[in-house]
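Visitor: Take a look at this one; I'll ask things after.
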Number of protein chains: 2
Amino acid sequence: MAIRFELCKTCSRTGARAGILHTSRGPVATPVFMPVGTQATVKTLTPEELRDIGAALILANTYHLYLRPGADLVREAGGLHRFMHWPHGILTDSGGYQVFSLGPLRKITEEGVEFKSHLDGGTHFFSPEKAVAVQMDLGADIIMAFDECSPYPSTFAYARDSLARTTRWARRCQAAHTRSDQAMFGIVQGGMYPELRRESAAGLVELDFPGYAVGGLSVGEPKPLMYEMLEVTVPLLPAAKPRYLMGVGSPDCLLEGVARGIDMFDCVLPTRTARNGLAFTTRGKVVIRNAGYARDFTPLDPECSCYTCRNYSRAYLRHLYKAEEMLVYRLLTLHNLSFLLNLMRDMRQAILANRFDGFKKAFLAKSGQESDT
Amino acid sequence: MAIRFELCKTCSRTGARAGILHTSRGPVATPVFMPVGTQATVKTLTPEELRDIGAALILANTYHLYLRPGADLVREAGGLHRFMHWPHGILTDSGGYQVFSLGPLRKITEEGVEFKSHLDGGTHFFSPEKAVAVQMDLGADIIMAFDECSPYPSTFAYARDSLARTTRWARRCQAAHTRSDQAMFGIVQGGMYPELRRESAAGLVELDFPGYAVGGLSVGEPKPLMYEMLEVTVPLLPAAKPRYLMGVGSPDCLLEGVARGIDMFDCVLPTRTARNGLAFTTRGKVVIRNAGYARDFTPLDPECSCYTCRNYSRAYLRHLYKAEEMLVYRLLTLHNLSFLLNLMRDMRQAILANRFDGFKKAFLAKSGQESDT
């Protein structure tokens, strides 16, 4: 077994879970947030910095790495871990989300998807078998079955046909996968239709994956709808296996996701917003370019103990941002990721101490965000 | 005394010197290369990273910091060291080089220079007194007298009048300077005219500065001409005081400068070229985007022990560069600065061991560069 999931505690009031995902590269405490390293680098940071703030599992994008530098090159380099100098856990997505995001640039058949590279317009084809082959070359610890992430909104008929194909593709992915040191997760689809979510979950559970992702959410739908879909889907997934909500990373959504029994998350939000000068703090968001911070010699978040908050003032960060100095993207990325990783750790402690519900309410009240429950 | 210069050894064959510049922020071994932190940050790096590779003294630009974020703001922040979280040595330039580089945007009188901001076109005026006041606000350990860096080429008459004004300005700078915790250096000008270099040096030596810079070089003239000017100027400067060659940072020029008795250097070259994908190595320059490195899984420089060379392959660096990932600018900047700081350390050891001449020849031969002596 490439991974083993140990469920330590389930919250008595909510569905929140604390666990340990055991991998050959060490244990990963759950719930876990995975920083996104699209192109074999979590933008602006070194692996050591990521590790220092508590990252244990990161996500890399199959589609991007397939196009550049190429999966064969990564394989020759000794795999993704060695190529990017990150000896800890890696999960690669299936490429499906990116391929299907290309819109008119792609064409779907039962066999797979033809798409054009966003880099040079060249034509490529991803079948389930190809997506698995690429992920075997990349060599992540957890890989994802090739799925179609149906757009929002989708008609019932489209979502139904799409999920059925995703389930057939999941079976082909399993047949094509030969690396015993990798765990492959299935991805539940079904759009915003509870009935289809049930159908998708049932089909995938039958295939007995070592973990399950809930896909097709956080794609533009209102948050209450996303939470509703989680409430429908999660109870259908085996309690003994890890559950992964793809593409979710705002503090409120992480809390709501955990409350509904999700164990794993990934999102570009903390890293992307950092590069746009936006910091998460315990008092809500800070837009660092604002003139009000010009002479603010206090830290970004007085309650944060990250490297950025220990050593730099808002005034200095604002200066760097206005001067377009690269250091500021590092410092804000480090802070935002620290903030989310600390939030995950705090949630886990709260679950273990049976006080998750209170923790969640207090966090949302303090940061000025409404709970959606 | 804000600084004290201890001369440890002078090479018996060349004029190369090894010394220690004692500052209130710790000793600085010379010859020293100062990384450039134009806008209160050495681009892409943290202060800890700089310190780890051996930086002891960095340069910040008075002109840039005066315009943004403003010298008053830096003073309110507790000075530059605290603002940028660098507790070690800082030298600020006089602003003269940037102001005079503005060309048609500036107007020179005996009183000072009127110039327009490159940021917003606003009109500003720098007198010697103003340049000193700004540098006192910034609070560096070593500051520079306000000078005119005469362009290359300049007529004899222009260079003569300019240096005479620079010497008068130097006197005014001394009169205006009241911070006893800062050392102010004078800057020798005189264009490419040996007679004028002698005149400038004589005038400034009379003012008894605690250190002297050789300015107006590395401004477009052929290297042999720069070396000739150094040979004319350096012997006229007091042996007991540090000598600083401004704006020089290529490995060959550092070796030739040290060979002619220079103790201090600064240059944007290692940091700027890093951001353009160019690395200095013991075997010469590496242009990381070159296709030949796509599958080169060896380090940038097999003889280098910097963080970049210890952990990453040329193939990975090339991938990051092609993908325009910020991490590559960090990794190459760290390598290039490590390379130059190691070169300075090696030169110092060679001087102390009385083998500088041989070291210099061997280095230049290996890196494929001709010695200019």
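Just so we're on the same page: first chain in the structure tokens is A, next is B, and so on; residues restart at 1 for each chain, and ligands are numbered from 1 in the order they show up.
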Could you tell me which residues of chain B sit within 9 Å of chain A when counting only C-alpha atoms, and give me the result as a PyMOL selection string?
Guide: chain B and resi 39-46+68-69+73+76-77+82-85+294-297+311-313+315-316+319-320+322-323+325-328+330
Visitor: May I have the residues within 6 Å of region 198-215 of chain B as a list in words, using only C-alpha atoms and disregarding those fewer than 3 positions away in the same chain?
Guide: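 Counting only C-alpha atoms, the residues come to Phe185, Gly186, Ile187, Val188, Gln189, Glu195, Lys241, Pro242, Arg243, Tyr244, Leu245 and Met246 of chain B.
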Visitor: Find the residues around Ala56 (chain B) up to 10 Å (only C-alpha atoms counted), leave out those fewer than 5 positions away in its own chain, and share them as a PyMOL selection string.
Guide: chain B and resi 25-29+32-35+50-51+86-90+341
Visitor: Could you write out the selected residues, including all heavy atoms, as a tab-separated table (two decimals), in the first residue's frame?
Guide:
chain	number	residue	atom	x	y	z
B	25	ARG	N	28.96	47.84	13.53
B	25	ARG	CA	28.11	46.67	13.26
B	25	ARG	C	28.93	45.43	12.93
B	25	ARG	O	28.44	44.51	12.28
B	25	ARG	CB	27.13	47.00	12.13
B	25	ARG	CG	26.14	48.04	12.58
B	25	ARG	CD	25.18	48.48	11.51
B	25	ARG	NE	24.34	49.54	12.03
B	25	ARG	CZ	23.18	49.35	12.66
B	25	ARG	NH1	22.72	48.14	12.82
B	25	ARG	NH2	22.49	50.38	13.11
B	26	GLY	N	30.18	45.44	13.37
B	26	GLY	CA	30.99	44.25	13.19
B	26	GLY	C	32.09	44.46	12.16
B	26	GLY	O	32.09	45.46	11.42
B	27	PRO	N	33.04	43.53	12.11
B	27	PRO	CA	34.17	43.66	11.20
B	27	PRO	C	33.80	43.25	9.77
B	27	PRO	O	32.97	42.37	9.57
B	27	PRO	CB	35.18	42.68	11.79
B	27	PRO	CG	34.35	41.63	12.47
B	27	PRO	CD	33.09	42.31	12.94
B	28	VAL	N	34.41	43.92	8.82
B	28	VAL	CA	34.23	43.59	7.41
B	28	VAL	C	35.60	43.27	6.84
B	28	VAL	O	36.47	44.13	6.80
B	28	VAL	CB	33.62	44.79	6.64
B	28	VAL	CG1	33.50	44.48	5.16
B	28	VAL	CG2	32.28	45.20	7.24
B	29	ALA	N	35.79	42.01	6.46
B	29	ALA	CA	37.07	41.61	5.88
B	29	ALA	C	37.20	42.21	4.49
B	29	ALA	O	36.25	42.17	3.71
B	29	ALA	CB	37.15	40.08	5.82
B	32	VAL	N	36.44	43.60	-0.11
B	32	VAL	CA	35.04	43.25	0.09
B	32	VAL	C	34.21	43.64	-1.14
B	32	VAL	O	34.46	44.68	-1.76
B	32	VAL	CB	34.47	43.96	1.34
B	32	VAL	CG1	34.50	45.48	1.21
B	32	VAL	CG2	33.04	43.50	1.65
B	33	PHE	N	33.26	42.77	-1.47
B	33	PHE	CA	32.30	43.12	-2.50
B	33	PHE	C	30.97	43.40	-1.81
B	33	PHE	O	30.50	42.60	-1.00
B	33	PHE	CB	32.11	41.99	-3.52
B	33	PHE	CG	31.05	42.31	-4.54
B	33	PHE	CD1	31.35	43.16	-5.60
B	33	PHE	CD2	29.76	41.82	-4.42
B	33	PHE	CE1	30.37	43.50	-6.53
B	33	PHE	CE2	28.77	42.17	-5.34
B	33	PHE	CZ	29.09	43.01	-6.40
B	34	MET	N	30.37	44.54	-2.14
B	34	MET	CA	29.09	44.92	-1.53
B	34	MET	C	27.95	44.63	-2.48
B	34	MET	O	27.84	45.28	-3.53
B	34	MET	CB	29.10	46.41	-1.21
B	34	MET	CG	30.17	46.82	-0.22
B	34	MET	SD	30.08	48.59	0.17
B	34	MET	CE	30.96	49.28	-1.24
B	35	PRO	N	27.08	43.68	-2.16
B	35	PRO	CA	25.87	43.49	-2.97
B	35	PRO	C	25.04	44.76	-2.95
B	35	PRO	O	25.04	45.50	-1.96
B	35	PRO	CB	25.15	42.34	-2.26
B	35	PRO	CG	26.22	41.62	-1.49
B	35	PRO	CD	27.17	42.70	-1.07
B	50	LEU	N	21.61	36.61	2.56
B	50	LEU	CA	22.79	37.41	2.26
B	50	LEU	C	23.89	37.16	3.28
B	50	LEU	O	25.07	37.03	2.95
B	50	LEU	CB	22.45	38.90	2.34
B	50	LEU	CG	21.94	39.57	1.10
B	50	LEU	CD1	21.56	41.00	1.44
B	50	LEU	CD2	23.00	39.54	0.00
B	51	ARG	N	23.47	37.14	4.54
B	51	ARG	CA	24.44	36.96	5.62
B	51	ARG	C	25.07	35.57	5.52
B	51	ARG	O	26.28	35.41	5.72
B	51	ARG	CB	23.74	37.15	6.96
B	51	ARG	CG	24.66	37.16	8.15
B	51	ARG	CD	25.62	38.32	8.08
B	51	ARG	NE	26.49	38.39	9.25
B	51	ARG	CZ	27.50	39.23	9.36
B	51	ARG	NH1	27.78	40.07	8.38
B	51	ARG	NH2	28.25	39.25	10.44
B	86	TRP	N	18.22	44.37	8.21
B	86	TRP	CA	19.63	44.01	7.94
B	86	TRP	C	20.48	44.70	9.00
B	86	TRP	O	20.75	45.90	8.90
B	86	TRP	CB	20.03	44.48	6.53
B	86	TRP	CG	21.51	44.37	6.23
B	86	TRP	CD1	22.42	45.40	6.22
B	86	TRP	CD2	22.27	43.20	5.89
B	86	TRP	NE1	23.67	44.95	5.90
B	86	TRP	CE2	23.61	43.59	5.70
B	86	TRP	CE3	21.93	41.85	5.74
B	86	TRP	CZ2	24.61	42.69	5.35
B	86	TRP	CZ3	22.95	40.95	5.39
B	86	TRP	CH2	24.25	41.37	5.20
B	87	PRO	N	20.89	43.95	10.03
B	87	PRO	CA	21.58	44.59	11.15
B	87	PRO	C	23.08	44.78	10.91
B	87	PRO	O	23.77	45.25	11.80
B	87	PRO	CB	21.33	43.60	12.30
B	87	PRO	CG	21.19	42.28	11.63
B	87	PRO	CD	20.60	42.53	10.27
B	88	HIS	N	23.56	44.42	9.72
B	88	HIS	CA	24.99	44.50	9.45
B	88	HIS	C	25.31	45.80	8.70
B	88	HIS	O	24.50	46.72	8.70
B	88	HIS	CB	25.43	43.23	8.70
B	88	HIS	CG	24.90	41.99	9.35
B	88	HIS	ND1	25.34	41.55	10.58
B	88	HIS	CD2	23.90	41.14	8.97
B	88	HIS	CE1	24.66	40.47	10.92
B	88	HIS	NE2	23.78	40.20	9.97
B	89	GLY	N	26.48	45.87	8.10
B	89	GLY	CA	26.92	47.13	7.51
B	89	GLY	C	26.13	47.57	6.28
B	89	GLY	O	25.73	46.76	5.46
B	90	ILE	N	25.92	48.88	6.21
B	90	ILE	CA	25.30	49.48	5.01
B	90	ILE	C	26.12	50.70	4.60
B	90	ILE	O	26.57	51.48	5.44
B	90	ILE	CB	23.85	49.92	5.27
B	90	ILE	CG1	22.97	48.75	5.73
B	90	ILE	CG2	23.25	50.56	4.01
B	90	ILE	CD1	21.51	49.15	6.03
B	341	LEU	N	31.39	36.58	-3.61
B	341	LEU	CA	31.85	36.70	-2.22
B	341	LEU	C	32.92	35.64	-1.93
B	341	LEU	O	33.88	35.92	-1.21
B	341	LEU	CB	30.65	36.58	-1.26
B	341	LEU	CG	29.65	37.75	-1.35
B	341	LEU	CD1	28.39	37.46	-0.53
B	341	LEU	CD2	30.27	39.07	-0.90
Visitor: Could you pull out the alpha helix (DSSP H) residues of region 81-289 of chain A, going by DSSP on the backbone, and write them as a PDB file with C-alpha atoms, in the first residue's frame?
Guide:
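Result went into out.pdb, see below:
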ATOM      1  CA  HIS A  81      10.740  14.918  -5.884  1.00  0.00           C
ATOM      2  CA  ARG A  82      14.337  14.893  -6.957  1.00  0.00           C
ATOM      3  CA  PHE A  83      13.891  17.320  -9.861  1.00  0.00           C
ATOM      4  CA  MET A  84      12.415  19.991  -7.613  1.00  0.00           C
ATOM      5  CA  GLY A  96      -8.422  17.029 -16.369  1.00  0.00           C
ATOM      6  CA  TYR A  97      -9.247  20.357 -14.799  1.00  0.00           C
ATOM      7  CA  GLN A  98      -6.722  22.262 -16.918  1.00  0.00           C
ATOM      8  CA  VAL A  99      -7.581  20.385 -20.105  1.00  0.00           C
ATOM      9  CA  PHE A 100     -11.281  21.024 -19.677  1.00  0.00           C
ATOM     10  CA  SER A 101     -10.684  24.645 -18.715  1.00  0.00           C
ATOM     11  CA  PRO A 128      -7.069   8.073 -19.136  1.00  0.00           C
ATOM     12  CA  GLU A 129      -4.118   5.805 -19.946  1.00  0.00           C
ATOM     13  CA  LYS A 130      -1.986   8.754 -21.034  1.00  0.00           C
ATOM     14  CA  ALA A 131      -2.835  10.806 -17.936  1.00  0.00           C
ATOM     15  CA  VAL A 132      -1.781   7.866 -15.779  1.00  0.00           C
ATOM     16  CA  ALA A 133       1.399   7.258 -17.790  1.00  0.00           C
ATOM     17  CA  VAL A 134       2.383  10.911 -17.393  1.00  0.00           C
ATOM     18  CA  GLN A 135       1.697  10.758 -13.665  1.00  0.00           C
ATOM     19  CA  MET A 136       3.741   7.578 -13.361  1.00  0.00           C
ATOM     20  CA  ASP A 137       6.620   9.406 -15.049  1.00  0.00           C
ATOM     21  CA  LEU A 138       6.261  12.366 -12.701  1.00  0.00           C
ATOM     22  CA  PHE A 156     -28.610  17.472 -15.768  1.00  0.00           C
ATOM     23  CA  ALA A 157     -28.112  15.469 -18.949  1.00  0.00           C
ATOM     24  CA  TYR A 158     -24.603  16.813 -19.524  1.00  0.00           C
ATOM     25  CA  ALA A 159     -23.544  16.255 -15.925  1.00  0.00           C
ATOM     26  CA  ARG A 160     -24.997  12.731 -16.000  1.00  0.00           C
ATOM     27  CA  ASP A 161     -23.219  11.694 -19.194  1.00  0.00           C
ATOM     28  CA  SER A 162     -20.022  13.324 -18.034  1.00  0.00           C
ATOM     29  CA  LEU A 163     -19.913  11.601 -14.670  1.00  0.00           C
ATOM     30  CA  ALA A 164     -20.683   8.256 -16.280  1.00  0.00           C
ATOM     31  CA  ARG A 165     -17.723   8.745 -18.621  1.00  0.00           C
ATOM     32  CA  THR A 166     -15.537   9.841 -15.695  1.00  0.00           C
ATOM     33  CA  THR A 167     -16.424   6.594 -13.920  1.00  0.00           C
ATOM     34  CA  ARG A 168     -15.581   4.548 -17.029  1.00  0.00           C
ATOM     35  CA  TRP A 169     -12.309   6.485 -17.317  1.00  0.00           C
ATOM     36  CA  ALA A 170     -11.575   5.797 -13.642  1.00  0.00           C
ATOM     37  CA  ARG A 171     -11.728   2.079 -14.352  1.00  0.00           C
ATOM     38  CA  ARG A 172      -9.326   2.490 -17.306  1.00  0.00           C
ATOM     39  CA  CYS A 173      -6.992   4.538 -15.101  1.00  0.00           C
ATOM     40  CA  GLN A 174      -6.862   1.717 -12.577  1.00  0.00           C
ATOM     41  CA  ALA A 175      -6.113  -0.793 -15.305  1.00  0.00           C
ATOM     42  CA  ALA A 176      -3.295   1.371 -16.652  1.00  0.00           C
ATOM     43  CA  PRO A 194     -27.462  15.463  -5.544  1.00  0.00           C
ATOM     44  CA  GLU A 195     -28.795  12.455  -7.420  1.00  0.00           C
ATOM     45  CA  LEU A 196     -25.799  12.490  -9.784  1.00  0.00           C
ATOM     46  CA  ARG A 197     -23.326  12.990  -6.930  1.00  0.00           C
ATOM     47  CA  ARG A 198     -24.784   9.828  -5.374  1.00  0.00           C
ATOM     48  CA  GLU A 199     -24.477   7.968  -8.656  1.00  0.00           C
ATOM     49  CA  SER A 200     -20.858   9.077  -9.106  1.00  0.00           C
ATOM     50  CA  ALA A 201     -19.862   8.239  -5.537  1.00  0.00           C
ATOM     51  CA  ALA A 202     -21.482   4.795  -5.773  1.00  0.00           C
ATOM     52  CA  GLY A 203     -19.675   3.963  -9.022  1.00  0.00           C
ATOM     53  CA  LEU A 204     -16.287   5.032  -7.708  1.00  0.00           C
ATOM     54  CA  VAL A 205     -16.650   3.431  -4.288  1.00  0.00           C
ATOM     55  CA  GLU A 206     -17.234   0.184  -6.122  1.00  0.00           C
ATOM     56  CA  LYS A 223     -20.791  28.656  -1.526  1.00  0.00           C
ATOM     57  CA  PRO A 224     -24.025  27.314   0.039  1.00  0.00           C
ATOM     58  CA  LEU A 225     -24.469  25.131  -3.034  1.00  0.00           C
ATOM     59  CA  MET A 226     -20.933  23.807  -2.668  1.00  0.00           C
ATOM     60  CA  TYR A 227     -21.592  22.994   0.979  1.00  0.00           C
ATOM     61  CA  GLU A 228     -24.847  21.269   0.032  1.00  0.00           C
ATOM     62  CA  MET A 229     -23.022  19.088  -2.497  1.00  0.00           C
ATOM     63  CA  LEU A 230     -20.457  18.185   0.182  1.00  0.00           C
ATOM     64  CA  GLU A 231     -23.234  17.250   2.562  1.00  0.00           C
ATOM     65  CA  VAL A 232     -24.697  14.967  -0.089  1.00  0.00           C
ATOM     66  CA  THR A 233     -21.416  13.450  -1.234  1.00  0.00           C
ATOM     67  CA  PRO A 251     -10.148  30.238   5.308  1.00  0.00           C
ATOM     68  CA  ASP A 252     -13.942  30.104   5.555  1.00  0.00           C
ATOM     69  CA  CYS A 253     -14.244  27.339   2.954  1.00  0.00           C
ATOM     70  CA  LEU A 254     -11.523  25.314   4.666  1.00  0.00           C
ATOM     71  CA  LEU A 255     -13.435  25.511   7.936  1.00  0.00           C
ATOM     72  CA  GLU A 256     -16.712  24.602   6.261  1.00  0.00           C
ATOM     73  CA  GLY A 257     -15.077  21.793   4.319  1.00  0.00           C
ATOM     74  CA  VAL A 258     -13.497  20.296   7.415  1.00  0.00           C
ATOM     75  CA  ALA A 259     -16.825  20.622   9.234  1.00  0.00           C
ATOM     76  CA  LEU A 269      -5.518  31.216  -3.535  1.00  0.00           C
ATOM     77  CA  PRO A 270      -2.921  31.864  -0.792  1.00  0.00           C
ATOM     78  CA  THR A 271      -0.002  31.961  -3.220  1.00  0.00           C
ATOM     79  CA  ARG A 272      -1.775  33.860  -6.003  1.00  0.00           C
ATOM     80  CA  THR A 273      -3.310  36.494  -3.746  1.00  0.00           C
ATOM     81  CA  ALA A 274       0.077  36.966  -2.076  1.00  0.00           C
ATOM     82  CA  ARG A 275       1.548  37.937  -5.429  1.00  0.00           C
TER      83      ARG A 275
END
Visitor: Counting only C-alpha atoms, which of A:Gly139, A:Ser250, A:Phe146, A:Ile3 gets nearest to Arg179 (chain A)?
Guide: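 So, comparing all the options, the nearest one is A:Gly139.
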Visitor: Kindly give the distance, in Å, that separates CA of Arg314 (chain B) and CA of Gly277 (chain B), rounded to a single decimal.
Guide: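 So the answer is 11.3 Å.
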Visitor: Determine, counting only C-alpha atoms, which protein, DNA and RNA residues have an atom within 9 Å of an atom of Leu91 (chain B); residues of the same chain fewer than 5 positions away are not included. Present the result as an MDAnalysis selection string.
Guide: chainID B and resid 34 57:61 140:144
Visitor: Can you write just those residues out, all heavy atoms, as a short mmCIF file (atom, residue, chain, number, x, y, z; two decimals), in the first residue's frame?
Guide:
data_model
loop_
_atom_site.label_atom_id
_atom_site.label_comp_id
_atom_site.auth_asym_id
_atom_site.auth_seq_id
_atom_site.Cartn_x
_atom_site.Cartn_y
_atom_site.Cartn_z
N MET B 34 30.37 44.54 -2.14
CA MET B 34 29.09 44.92 -1.53
C MET B 34 27.95 44.63 -2.48
O MET B 34 27.84 45.28 -3.53
CB MET B 34 29.10 46.41 -1.21
CG MET B 34 30.17 46.82 -0.22
SD MET B 34 30.08 48.59 0.17
CE MET B 34 30.96 49.28 -1.24
N LEU B 57 28.55 43.86 4.24
CA LEU B 57 28.33 45.28 3.93
C LEU B 57 27.56 45.30 2.62
O LEU B 57 27.92 44.63 1.67
CB LEU B 57 29.71 45.94 3.76
CG LEU B 57 29.84 47.46 3.69
CD1 LEU B 57 29.26 48.13 4.92
CD2 LEU B 57 31.33 47.84 3.53
N ILE B 58 26.44 46.03 2.62
CA ILE B 58 25.69 46.14 1.37
C ILE B 58 25.51 47.61 1.03
O ILE B 58 25.69 48.49 1.87
CB ILE B 58 24.30 45.45 1.45
CG1 ILE B 58 23.41 46.14 2.48
CG2 ILE B 58 24.45 43.96 1.76
CD1 ILE B 58 21.98 45.60 2.50
N LEU B 59 25.18 47.86 -0.22
CA LEU B 59 25.00 49.24 -0.66
C LEU B 59 23.52 49.50 -0.90
O LEU B 59 22.80 48.65 -1.43
CB LEU B 59 25.79 49.47 -1.96
CG LEU B 59 25.69 50.87 -2.58
CD1 LEU B 59 27.04 51.29 -3.16
CD2 LEU B 59 24.61 50.94 -3.66
N ALA B 60 23.07 50.68 -0.49
CA ALA B 60 21.70 51.10 -0.82
C ALA B 60 21.79 52.45 -1.51
O ALA B 60 22.74 53.21 -1.31
CB ALA B 60 20.85 51.18 0.44
N ASN B 61 20.79 52.74 -2.34
CA ASN B 61 20.87 53.94 -3.18
C ASN B 61 20.08 55.11 -2.60
O ASN B 61 18.86 55.05 -2.46
CB ASN B 61 20.38 53.64 -4.59
CG ASN B 61 21.36 52.83 -5.40
OD1 ASN B 61 21.09 51.69 -5.73
ND2 ASN B 61 22.53 53.38 -5.67
N ALA B 140 22.97 54.96 7.19
CA ALA B 140 23.97 53.94 6.86
C ALA B 140 25.23 54.15 7.69
O ALA B 140 25.44 55.22 8.27
CB ALA B 140 24.30 54.00 5.37
N ASP B 141 26.08 53.14 7.74
CA ASP B 141 27.33 53.22 8.49
C ASP B 141 28.38 54.01 7.73
O ASP B 141 29.20 54.70 8.33
CB ASP B 141 27.83 51.79 8.75
CG ASP B 141 26.74 50.95 9.38
OD1 ASP B 141 26.40 51.21 10.54
OD2 ASP B 141 26.16 50.09 8.67
N ILE B 142 28.36 53.89 6.42
CA ILE B 142 29.27 54.66 5.57
C ILE B 142 28.43 55.43 4.57
O ILE B 142 27.52 54.86 3.95
CB ILE B 142 30.27 53.74 4.82
CG1 ILE B 142 31.08 52.92 5.83
CG2 ILE B 142 31.18 54.56 3.91
CD1 ILE B 142 32.00 51.88 5.17
N ILE B 143 28.69 56.72 4.45
CA ILE B 143 27.95 57.52 3.48
C ILE B 143 28.97 58.17 2.53
O ILE B 143 30.16 58.20 2.81
CB ILE B 143 27.05 58.58 4.15
CG1 ILE B 143 27.88 59.69 4.78
CG2 ILE B 143 26.14 57.93 5.19
CD1 ILE B 143 27.03 60.86 5.31
N MET B 144 28.49 58.68 1.41
CA MET B 144 29.39 59.22 0.40
C MET B 144 29.12 60.72 0.19
O MET B 144 27.98 61.16 0.20
CB MET B 144 29.17 58.50 -0.95
CG MET B 144 29.33 56.98 -0.89
SD MET B 144 30.96 56.39 -0.34
CE MET B 144 31.98 56.95 -1.70
#
Visitor: Please indicate the distance in Å from CA of Thr155 (chain B) to CA of His118 (chain B), rounded to one decimal place.
Guide: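 Taking CA of Thr155 (chain B) as the start and CA of His118 (chain B) as the end point, the length is 27.4 Å.
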Visitor: Considering only C-alpha atoms, return as an MDAnalysis selection string whatever protein or nucleic-acid residues lie within 12 Å of Ala350 (chain A), sequence-local ones (same chain, fewer than 6 positions apart) excluded.
Guide: chainID A and resid 9:12 14 16:18 31 255 258:259 343:344 356:363
Visitor: Need the shell around Gly220 (chain A): protein/DNA/RNA residues with any atom at most 10 Å away, counting only C-alpha atoms. Skip same-chain ones fewer than 3 positions apart. Format as a VMD selection string?
Guide: chain A and resid 151 to 153 216 to 217 223 226
Visitor: With N, CA, C and O atoms retained, could you export that selection as an mmCIF file, in the first residue's frame?
Guide:
data_model
loop_
_atom_site.group_PDB
_atom_site.id
_atom_site.type_symbol
_atom_site.label_atom_id
_atom_site.label_comp_id
_atom_site.auth_asym_id
_atom_site.auth_seq_id
_atom_site.Cartn_x
_atom_site.Cartn_y
_atom_site.Cartn_z
ATOM 1 N N PRO A 151 -18.522 21.792 -16.305
ATOM 2 C CA PRO A 151 -18.579 23.230 -16.006
ATOM 3 C C PRO A 151 -19.811 23.588 -15.172
ATOM 4 O O PRO A 151 -20.775 22.814 -15.089
ATOM 5 N N TYR A 152 -19.771 24.759 -14.557
ATOM 6 C CA TYR A 152 -20.938 25.270 -13.843
ATOM 7 C C TYR A 152 -21.468 26.474 -14.578
ATOM 8 O O TYR A 152 -20.702 27.386 -14.854
ATOM 9 N N PRO A 153 -22.748 26.541 -14.926
ATOM 10 C CA PRO A 153 -23.715 25.468 -14.705
ATOM 11 C C PRO A 153 -23.664 24.436 -15.832
ATOM 12 O O PRO A 153 -23.232 24.741 -16.932
ATOM 13 N N GLY A 216 -15.318 19.119 -9.246
ATOM 14 C CA GLY A 216 -16.413 19.880 -9.845
ATOM 15 C C GLY A 216 -17.059 20.874 -8.903
ATOM 16 O O GLY A 216 -18.124 21.413 -9.201
ATOM 17 N N LEU A 217 -16.383 21.159 -7.777
ATOM 18 C CA LEU A 217 -16.898 22.200 -6.878
ATOM 19 C C LEU A 217 -15.913 23.372 -6.877
ATOM 20 O O LEU A 217 -14.811 23.282 -7.409
ATOM 21 N N LYS A 223 -21.347 29.519 -2.571
ATOM 22 C CA LYS A 223 -20.791 28.656 -1.526
ATOM 23 C C LYS A 223 -21.833 27.736 -0.885
ATOM 24 O O LYS A 223 -21.534 26.556 -0.651
ATOM 25 N N MET A 226 -22.092 24.683 -2.834
ATOM 26 C CA MET A 226 -20.933 23.807 -2.668
ATOM 27 C C MET A 226 -21.068 23.006 -1.375
ATOM 28 O O MET A 226 -20.841 21.790 -1.360
#
Visitor: When you count only C-alpha atoms, which of these residues is closest to Glu6 (chain B): B:Ala145, B:Leu67, B:Ile351, B:Ala239?
Guide: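 Between B:Ala145, B:Leu67, B:Ile351, B:Ala239, the residue approaching Glu6 (chain B) most closely is B:Ala239.
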